[in-house]
Amino acid sequence: MIDLREIELVDEDFDRQFMDEWIHDFGACALSAADQLGLFDAFEGDTLSPTQLSQQLKLDEIALRATCRALVAMGAMRCRGDSFALSDFGEKLWVSTSPAYRGREFDRHRGWEQHERIVETLRKGWAPLLDTTEAFSEGWRRGDVSADSAETFTRVMHSLILSPSVAAVRSGAFARLRHLVDVGGGSGALAAAVLAHHPESRATVMDLAPVCAASRAILQDVRSGARVQYCPANFFEDPWPEDADGFSFSNILHDWPLPTCRQLLQFAFDALPPGGSVFVHEALLDSDACSPRMAVLFNLLMLMNHRGQQFTQLDLFELLGEAGFSEPRIVIQYSHWSLLRADKPRP
């Protein structure tokens, strides 16, 4: 049996390197898609806003902003406030009239699914990840997800979030909670880590029934997994547990547009007692929203897949404040991941 108190955490540099490699090909496809649609040629030495680019190229403004930020992270553009200009690298190697133009070397990416979906996102605003014939996120919103899809997705997410979850728990952030409910808790990695390190606590995974079933299978070899409790529910429609003094959102808010994020945080605020806490676990963008590379490319990926986004620290602080939470702060940073906490004020 695996004891999460004893496992050695993956070195932060290794985790960061792994995630950078994981998303590397997506960055290459962002370059090839921008080249195909004429983004680099559109600048001609100018500084342009996403609104100006949208009018000029007849592409979606929100997708253009996310793509230009990705191109800044890839070194092909520079960010000037809310506008963009080509870097020397972009101007010399990506403008098709440049004698040193190298875009043809990226032709091999043009047939890749990710390239085609970035192009579609720029043209239409998003290119949803499909589960059979419909957008993946729409099935999850309705609570209509097959057991196979739930298990495949949950196992991938377990691999991605296990080490960051254990690191978050070892920070002591959850030490004084009586009952943590992990909203969209997936594999139960965070819940099991909480129970391993704080055996006096309760931890519940609130997720769709097929995901809860997948979690039970994933945690069967984890010593604290047997103590994880489950609340099979659609968190958009079903009642939230009323006995929790903490709710967590780990890689959940980035899956949804901002109005939905506001709704979820409001649900958490309303369900918590005074003094209760909310936790948000995400890969944060820097204040300019154009770095670090992994989070910026992840931002474009979330827009493409779900009409979602990554956040800056300020973005999340403002969302938490709008919901009524106070004293937002970052508790721990591990690799690309940051754990934020905020509290429901006492009377």
# chains A, B, ... in the order shown; residues from 1 in each chain; ligands from 1
>>> select_by_dssp(residues="region 119-282 of chain A", states="helix (DSSP H, G or I)", output="number ranges by chain")
A: 119-124, 136-142, 147-170, 189-197, 209-221, 223-227, 253-255, 258-271
>>> residues_around(residues="Thr260 (chain A)", least_positions_apart="6", cutoff="10 Å", atoms="only C-alpha atoms", output="mmCIF file with C-alpha atoms, in the first residue's frame")
data_model
loop_
_atom_site.group_PDB
_atom_site.id
_atom_site.type_symbol
_atom_site.label_atom_id
_atom_site.label_comp_id
_atom_site.auth_asym_id
_atom_site.auth_seq_id
_atom_site.Cartn_x
_atom_site.Cartn_y
_atom_site.Cartn_z
ATOM 1 C CA PHE A 236 -23.910 22.996 -10.915
ATOM 2 C CA LEU A 253 -11.887 27.081 -12.350
ATOM 3 C CA GLN A 266 -20.516 31.965 -4.873
ATOM 4 C CA GLY A 308 -11.727 28.593 -20.041
#
>>> atom_distance(atom1="CA of Leu320 (chain A)", atom2="CA of Arg178 (chain A)")
21.9 Å
>>> residues_around(residues="region 222-231 of chain A", least_positions_apart="6", cutoff="8 Å", atoms="only C-alpha atoms", output="number ranges by chain")
A: 1-4, 188, 191-193, 195-196, 202-207, 212, 216
>>> write_last_selection(atoms="C-alpha atoms", output="compact mmCIF listing (two decimals), in the first residue's frame")
# COMPACT_ATOMS: atom_id res chain seq x y z
CA MET A 1 0.00 0.00 0.00
CA ILE A 2 1.17 3.52 -0.84
CA ASP A 3 1.47 5.83 2.15
CA LEU A 4 1.26 9.43 0.99
CA GLY A 188 -9.17 12.03 -4.90
CA ALA A 191 -8.47 14.26 -0.38
CA ALA A 192 -6.27 11.20 0.19
CA ALA A 193 -3.23 13.39 0.87
CA LEU A 195 -6.32 12.23 5.23
CA ALA A 196 -2.81 10.77 5.20
CA ARG A 202 -12.63 14.31 6.94
CA ALA A 203 -12.15 14.74 3.19
CA THR A 204 -14.83 14.34 0.53
CA VAL A 205 -14.64 14.19 -3.26
CA MET A 206 -17.61 15.98 -4.81
CA ASP A 207 -17.81 14.93 -8.43
CA CYS A 212 -16.21 8.93 -8.02
CA ARG A 216 -12.21 4.48 -5.87
>>> atom_distance(atom1="CA of Pro257 (chain A)", atom2="CA of Ala323 (chain A)")
15.6 Å
>>> closest_residue(among="A:Val296, A:Leu301, A:Ala233, A:Leu180", to="Arg142 (chain A)", atoms="only C-alpha atoms")
A:Ala233
>>> atom_distance(atom1="CA of Gly185 (chain A)", atom2="CA of Asp131 (chain A)")
20.1 Å
>>> residues_around(residues="Leu208 (chain A)", least_positions_apart="2", cutoff="12 Å", atoms="only C-alpha atoms", output="VMD selection string")
chain A and resid 139 to 147 149 to 151 154 183 to 187 205 to 206 210 to 215 230 to 238
>>> closest_residue(among="A:Arg117, A:His197, A:Arg293, A:Arg102", to="Arg16 (chain A)", atoms="only C-alpha atoms")
A:Arg293
